[in-house]
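Down below is the structure, laid out as structure tokens.
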Amino acid sequence: MSTKPCILVTGGTGYIGSHTVVELMNQGYEVIIVDNLSNSNVEVLDGIERIAGRRPVFENIDCLDYPSLDRVFCEYPQIAGVIHFAASKAVGESVEQPLMYYRNNLGSLVNILDIMQVHQVRNIVFSSSCTVYGQPDKQHLPVDETAPIQKALSPYGNTKQINEDILHDCAHACKQLQVTILRYFNPIGAHPSAQIGELPNGIPNNLLPFVTQTAARLRDKLRIFGDDYPTEDGTCIRDYIYVVDLAKAHVKAIERMLQVPEREQVEIFNLGTGRGLSVMEIVRTFMQVTGVRVPYEIVGRREGDIEQVWADPKRANTVLGWKADTPIADVLMSAWNWEKKLRGIN
Ligand code: NAD
Ligand code: WQD
């Protein structure tokens, strides 16, 4: 396969980043990863290499370290675009340590944009989140990109909103800059090879890693946060999107930036399946497809939880030519296969 342009991926050893690097490499892109390994480890590169058959360039650099980041752009003048995943992402931690979140998530983007301008790199894809929508009003469900942005419920969420504002302001000031903002819903699952996947630190906050760790007997039981919501079975509803489908959307976004000159300068896409699933549906389907029991109990609501949100992904479907279509059974199985691999379970 002929080599395509070179893409710098910040946060490329992380969960979504590593899956995206694989998809970029599978499509022939040259990839340079910048990651400070604050929430990932260097062995992820071995997993990427086993899947893609090549090893991406890796620079162990903090995006807050301007001179080192600048050196990467000097060393690789062929960089055609940046996918910026690097960020801190734990909502609860952001409430306890807001400055760490503002420093890391805002400072990293500011550095990247500044250095891109110096080196005349024009294209950036940014990882945003459905968290910017908060709890949409009923008339906005499923939520499309025109739904109102609501006041953030956490410093983490606020960093995503401010980052989006920074990108709009920079695009306004510099007409050469091309921006794609991708708002992810709830990414889950792992690569079907089980060579890469999610590596949560400590006790998982997110549903799927908690489910797989409970299935692996690392946790006694799953606590389901509330069954008294006004939904069909009383549990919250989310749009769970397979991480490999999500990764492929990034390749589409890069392709469009490099190949479609008549695109809008700033484009925003919701990345979800268009289907909402309840916590209970996820747990039941997981048990069905894996044949493994997940003990659970219903407990009180988790503070700050959104009741229900799912995406209207039509814009991404039509404009990017991308669709999240992996069946949920396969997605849940991939998550379980990854957990088994991590824990040495047969
Ligand atoms: P992750 O923690 O697995 O990956 C982020 C990577 O960035 C890690 O490898 C970490 O070491 C690195 N990193 C953090 N700060 C850095 C810095 N200053 N310099 C260099 N590297 C740094 O997280 P993820 O789930 O892959 O998320 C990727 C992006 O997607 C983040 O921006 C996150 O906010 C966003 N996002 C994630 C979700 C989700 O549920 N996972 C949902 C919506 C949006
Ligand atoms: C999903 C559902 C819980 C754990 C968070 C961030 C958000 C975004 C994605 C980045 C909810 C329930 C969970 C458990 C449970 N990330 N649950 N027991 O809340 O949609 O969003 O991750 O941008 O910003 O806030 O995802 O996986 O935490 O929860 O019952 O042990 O599972 O109540 O209904 P959430 P989640």
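Lettering and numbering for the structure tokens are positional, with chains as A, B, ... in the shown order, residues counted from 1 in each chain, and ligands counted from 1 in the shown order.
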Could you list, as a ChimeraX atom specification, every residue within 9 Å of A:Gln161, counting only C-alpha atoms and ignoring same-chain residues fewer than 3 positions away? /A:128-129,131-132,149,151-152,157-158,164-166
Name the residues of stretch 123-213 of chain A that fall into helix (DSSP H, G or I) according to DSSP on the backbone, using the chain letters and numbers of this document, as a ChimeraX atom specification. /A:130-133,138-140,155-173,207-213
What lies within 12 Å of A:Val179 using only C-alpha atoms, ignoring chain neighbours under 3 positions off, as an MDAnalysis selection string? chainID A and resid 81:84 113 121:127 163:172 174:176 182 253:254 256:258 263:269
Applying 9 Å and only C-alpha atoms, which residues near stretch 328-341 of chain A remain after dropping the ones on its own chain fewer than 5 positions away? List them as a ChimeraX atom specification. /A:188-198,208-209,211-213,215-216,240-243,282,285-286,288-290,346
Could you take the residues named above and write them with N, CA, C and O atoms, as a tab-separated table (two decimals), in the first residue's frame?
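Full text of result-v4.tsv as output:
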chain	number	residue	atom	x	y	z
A	188	ILE	N	-16.83	2.14	23.93
A	188	ILE	CA	-16.63	0.89	24.68
A	188	ILE	C	-15.98	-0.16	23.78
A	188	ILE	O	-15.93	0.00	22.56
A	189	GLY	N	-15.52	-1.26	24.40
A	189	GLY	CA	-15.00	-2.39	23.65
A	189	GLY	C	-13.51	-2.28	23.40
A	189	GLY	O	-12.85	-1.34	23.85
A	190	ALA	N	-13.00	-3.29	22.68
A	190	ALA	CA	-11.57	-3.36	22.43
A	190	ALA	C	-11.35	-3.91	21.03
A	190	ALA	O	-12.28	-4.45	20.41
A	191	HIS	N	-10.12	-3.81	20.55
A	191	HIS	CA	-9.82	-4.33	19.22
A	191	HIS	C	-10.14	-5.83	19.18
A	191	HIS	O	-9.88	-6.54	20.16
A	192	PRO	N	-10.70	-6.34	18.06
A	192	PRO	CA	-11.09	-7.75	18.01
A	192	PRO	C	-9.91	-8.70	18.23
A	192	PRO	O	-10.10	-9.86	18.62
A	193	SER	N	-8.69	-8.24	17.99
A	193	SER	CA	-7.51	-9.09	18.21
A	193	SER	C	-7.17	-9.22	19.70
A	193	SER	O	-6.33	-10.04	20.07
A	194	ALA	N	-7.80	-8.39	20.53
A	194	ALA	CA	-7.48	-8.31	21.97
A	194	ALA	C	-6.01	-7.92	22.21
A	194	ALA	O	-5.45	-8.22	23.27
A	195	GLN	N	-5.41	-7.24	21.27
A	195	GLN	CA	-4.03	-6.76	21.46
A	195	GLN	C	-3.99	-5.38	22.11
A	195	GLN	O	-2.99	-5.00	22.71
A	196	ILE	N	-5.06	-4.61	21.93
A	196	ILE	CA	-5.16	-3.31	22.60
A	196	ILE	C	-6.59	-3.16	23.13
A	196	ILE	O	-7.52	-3.81	22.62
A	197	GLY	N	-6.73	-2.31	24.13
A	197	GLY	CA	-8.06	-2.10	24.73
A	197	GLY	C	-7.95	-1.02	25.79
A	197	GLY	O	-6.96	-0.30	25.85
A	198	GLU	N	-8.99	-0.96	26.61
A	198	GLU	CA	-9.01	0.09	27.64
A	198	GLU	C	-8.21	-0.38	28.85
A	198	GLU	O	-8.29	-1.54	29.24
A	208	LEU	N	-18.61	-0.11	31.42
A	208	LEU	CA	-18.14	-1.36	30.80
A	208	LEU	C	-16.94	-1.97	31.50
A	208	LEU	O	-16.93	-3.16	31.80
A	209	PRO	N	-15.90	-1.17	31.82
A	209	PRO	CA	-14.78	-1.77	32.56
A	209	PRO	C	-15.21	-2.33	33.91
A	209	PRO	O	-14.69	-3.35	34.35
A	211	VAL	N	-18.14	-3.67	34.50
A	211	VAL	CA	-18.83	-4.93	34.17
A	211	VAL	C	-17.81	-6.03	33.88
A	211	VAL	O	-17.89	-7.14	34.43
A	212	THR	N	-16.81	-5.74	33.06
A	212	THR	CA	-15.85	-6.80	32.69
A	212	THR	C	-15.00	-7.19	33.91
A	212	THR	O	-14.70	-8.37	34.09
A	213	GLN	N	-14.66	-6.23	34.76
A	213	GLN	CA	-13.87	-6.58	35.96
A	213	GLN	C	-14.70	-7.39	36.95
A	213	GLN	O	-14.17	-8.23	37.67
A	215	ALA	N	-17.14	-9.41	35.98
A	215	ALA	CA	-17.22	-10.74	35.35
A	215	ALA	C	-15.92	-11.52	35.59
A	215	ALA	O	-15.94	-12.74	35.74
A	216	ALA	N	-14.80	-10.80	35.67
A	216	ALA	CA	-13.50	-11.45	35.89
A	216	ALA	C	-13.22	-11.68	37.38
A	216	ALA	O	-12.13	-12.10	37.75
A	240	TYR	N	-23.78	3.78	23.37
A	240	TYR	CA	-22.48	3.11	23.49
A	240	TYR	C	-21.93	2.83	22.10
A	240	TYR	O	-22.55	2.15	21.30
A	241	ILE	N	-20.75	3.39	21.84
A	241	ILE	CA	-20.18	3.26	20.50
A	241	ILE	C	-18.89	2.46	20.55
A	241	ILE	O	-18.03	2.69	21.41
A	242	TYR	N	-18.78	1.53	19.60
A	242	TYR	CA	-17.60	0.64	19.55
A	242	TYR	C	-16.36	1.46	19.23
A	242	TYR	O	-16.34	2.23	18.25
A	243	VAL	N	-15.31	1.25	20.02
A	243	VAL	CA	-14.10	2.07	19.88
A	243	VAL	C	-13.46	1.91	18.49
A	243	VAL	O	-12.86	2.86	17.98
A	282	ILE	N	-27.41	-3.32	28.81
A	282	ILE	CA	-25.98	-3.62	28.62
A	282	ILE	C	-25.59	-4.82	29.49
A	282	ILE	O	-24.95	-5.77	29.02
A	285	THR	N	-27.29	-8.07	28.18
A	285	THR	CA	-26.73	-8.52	26.90
A	285	THR	C	-25.32	-9.06	27.13
A	285	THR	O	-24.93	-10.06	26.53
A	286	PHE	N	-24.56	-8.40	28.00
A	286	PHE	CA	-23.20	-8.88	28.29
A	286	PHE	C	-23.26	-10.32	28.81
A	286	PHE	O	-22.50	-11.20	28.38
A	288	GLN	N	-25.62	-12.50	28.43
A	288	GLN	CA	-26.10	-13.40	27.38
A	288	GLN	C	-24.98	-13.79	26.41
A	288	GLN	O	-24.79	-14.96	26.13
A	289	VAL	N	-24.24	-12.81	25.91
A	289	VAL	CA	-23.28	-13.12	24.85
A	289	VAL	C	-22.02	-13.78	25.39
A	289	VAL	O	-21.38	-14.55	24.68
A	290	THR	N	-21.67	-13.50	26.64
A	290	THR	CA	-20.44	-14.09	27.17
A	290	THR	C	-20.73	-15.36	27.96
A	290	THR	O	-19.83	-16.18	28.18
A	346	ASN	N	-8.84	-18.04	30.63
A	346	ASN	CA	-9.05	-18.75	29.35
A	346	ASN	C	-10.50	-18.68	28.89
A	346	ASN	O	-11.39	-18.70	29.68
Return as a ChimeraX atom specification the residues of protein, DNA or RNA that approach ligand 2 to within 9 Å, with only C-alpha atoms and all ligand atoms taken into account. /A:89-92,127-132,153-154,156-157,160,183-188,204-211,222-226,235-240,278-280,282,298-299,301-309
Pick out the closest residue to ligand 1 from this set: A:Ala80, A:Ile51, A:Val57, A:Ala86. Count only C-alpha atoms and all ligand atoms. A:Ala86
Restricting the calculation to only C-alpha atoms and all ligand atoms, which member of A:Asp220, A:Glu93, A:Glu75, A:Asp65 is positioned closest to ligand 1?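 Comparing A:Asp220, A:Glu93, A:Glu75, A:Asp65 against ligand 1, the winner is A:Asp65.
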Could you tell me which of A:Leu69, A:Val31, A:Leu218, A:Met25 comes closest to ligand 1 if we count only C-alpha atoms and all ligand atoms?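 Counting only C-alpha atoms and all ligand atoms, the residue closest to ligand 1 is A:Leu69.
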Write down as JSON, numbers by chain the residues of stretch 32-216 of chain A whose backbone DSSP state falls under strand (DSSP E or B). {"A": [32, 33, 34, 35, 57, 58, 59, 60, 79, 80, 81, 82, 83, 84, 123, 124, 125, 126, 127, 128, 129, 143, 178, 179, 180, 181, 182, 183, 184, 186, 187, 188]}
Figure out the distance between atom CA of A:Pro142 and atom CA of A:Asp245, please, to one decimal in Å.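 So the two atoms, atom CA of A:Asp245 and atom CA of A:Pro142, lie 19.2 Å apart.
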Using only C-alpha atoms and all ligand atoms, can you tell me which of A:Gln27, A:Asn270, A:Gln120, A:Thr214 comes closest to ligand 1?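 Closest to ligand 1, using only C-alpha atoms and all ligand atoms: A:Asn270.
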Tell me, as a JSON list (two decimals) with all heavy atoms, in the first residue's frame, which residues lie within 9 Å of A:Ala52, counting only C-alpha atoms; anything in the same chain fewer than 5 positions away does not count.
[["chain", "number", "residue", "atom", "x", "y", "z"],
["A", 21, "VAL", "N", -4.73, 4.93, 15.85],
["A", 21, "VAL", "CA", -3.43, 4.74, 15.22],
["A", 21, "VAL", "C", -3.45, 3.48, 14.35],
["A", 21, "VAL", "O", -2.98, 3.48, 13.20],
["A", 21, "VAL", "CB", -2.30, 4.66, 16.29],
["A", 21, "VAL", "CG1", -1.00, 4.17, 15.69],
["A", 21, "VAL", "CG2", -2.12, 6.02, 16.95],
["A", 22, "VAL", "N", -4.04, 2.41, 14.87],
["A", 22, "VAL", "CA", -4.13, 1.16, 14.10],
["A", 22, "VAL", "C", -4.91, 1.39, 12.80],
["A", 22, "VAL", "O", -4.47, 0.98, 11.72],
["A", 22, "VAL", "CB", -4.82, 0.05, 14.94],
["A", 22, "VAL", "CG1", -5.31, -1.09, 14.07],
["A", 22, "VAL", "CG2", -3.86, -0.45, 16.02],
["A", 23, "GLU", "N", -6.04, 2.08, 12.89],
["A", 23, "GLU", "CA", -6.85, 2.29, 11.68],
["A", 23, "GLU", "C", -6.12, 3.19, 10.69],
["A", 23, "GLU", "O", -6.19, 2.97, 9.48],
["A", 23, "GLU", "CB", -8.22, 2.88, 12.04],
["A", 23, "GLU", "CG", -9.10, 1.95, 12.87],
["A", 23, "GLU", "CD", -9.29, 0.56, 12.27],
["A", 23, "GLU", "OE1", -9.45, 0.45, 11.03],
["A", 23, "GLU", "OE2", -9.26, -0.43, 13.03],
["A", 25, "MET", "N", -2.85, 3.45, 10.35],
["A", 25, "MET", "CA", -1.76, 2.66, 9.77],
["A", 25, "MET", "C", -2.30, 1.63, 8.78],
["A", 25, "MET", "O", -1.71, 1.41, 7.72],
["A", 25, "MET", "CB", -0.93, 2.00, 10.87],
["A", 25, "MET", "CG", -0.17, 3.04, 11.68],
["A", 25, "MET", "SD", 0.76, 2.35, 13.04],
["A", 25, "MET", "CE", 2.22, 1.80, 12.18],
["A", 26, "ASN", "N", -3.45, 1.03, 9.12],
["A", 26, "ASN", "CA", -4.07, 0.08, 8.19],
["A", 26, "ASN", "C", -4.40, 0.74, 6.86],
["A", 26, "ASN", "O", -4.44, 0.09, 5.83],
["A", 26, "ASN", "CB", -5.36, -0.50, 8.79],
["A", 26, "ASN", "CG", -5.09, -1.57, 9.82],
["A", 26, "ASN", "OD1", -3.96, -2.08, 9.91],
["A", 26, "ASN", "ND2", -6.09, -1.92, 10.61],
["A", 47, "GLY", "N", 1.37, -3.84, 21.01],
["A", 47, "GLY", "CA", 0.05, -4.28, 20.54],
["A", 47, "GLY", "C", -0.26, -3.67, 19.17],
["A", 47, "GLY", "O", -0.74, -4.36, 18.26]]
Which residue out of A:Leu109, A:Glu255, A:Phe73, A:Arg343 has the minimum interatomic distance to A:Leu320 when only C-alpha atoms are used?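 Closest to A:Leu320 of all the choices is A:Glu255.
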Could you jot down the atom CA of A:Ile115 to atom 17 (C, counted along the ligand's line) of ligand 1 separation for me, Å, one decimal place?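 Between these atoms lies a distance of 14.9 Å.
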Give me, as a PyMOL selection string, all polymer residues having an atom no more than 7 Å from A:Glu30, counting only C-alpha atoms and skipping those fewer than 6 positions away in the same chain. chain A and resi 3-7
Write out as a VMD selection string each polymer residue whose atoms come within 8 Å of A:Val143, counting only C-alpha atoms; drop sequence neighbours fewer than 5 positions from it. chain A and resid 136 309 to 312
Keeping only N, CA, C and O atoms, write the selected residues to a file as a short mmCIF file (atom, residue, chain, number, x, y, z; two decimals), in the first residue's frame.
data_model
loop_
_atom_site.label_atom_id
_atom_site.label_comp_id
_atom_site.auth_asym_id
_atom_site.auth_seq_id
_atom_site.Cartn_x
_atom_site.Cartn_y
_atom_site.Cartn_z
N PRO A 136 -30.02 16.85 27.36
CA PRO A 136 -30.81 17.60 26.39
C PRO A 136 -32.30 17.53 26.72
O PRO A 136 -32.76 16.53 27.28
N VAL A 309 -29.32 10.09 27.09
CA VAL A 309 -28.80 10.84 25.95
C VAL A 309 -28.31 9.85 24.90
O VAL A 309 -27.71 8.83 25.22
N TRP A 310 -28.69 10.11 23.67
CA TRP A 310 -28.13 9.33 22.58
C TRP A 310 -28.04 10.23 21.36
O TRP A 310 -28.68 11.28 21.30
N ALA A 311 -27.23 9.79 20.39
CA ALA A 311 -26.84 10.67 19.29
C ALA A 311 -27.77 10.59 18.11
O ALA A 311 -28.33 9.53 17.82
N ASP A 312 -27.88 11.71 17.41
CA ASP A 312 -28.32 11.68 16.03
C ASP A 312 -27.05 11.78 15.19
O ASP A 312 -26.46 12.86 15.10
#
Which one of A:Gly300, A:Pro200, A:Gly274, A:Pro155 sits closest to A:Tyr102 if you count only C-alpha atoms?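 Checking each candidate against A:Tyr102, we get A:Pro155 as the closest.
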Please compute the atom CA of A:Asp62-atom CA of A:Leu271 distance, one decimal, in Å.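 So the two atoms, atom CA of A:Asp62 and atom CA of A:Leu271, lie 27.2 Å apart.
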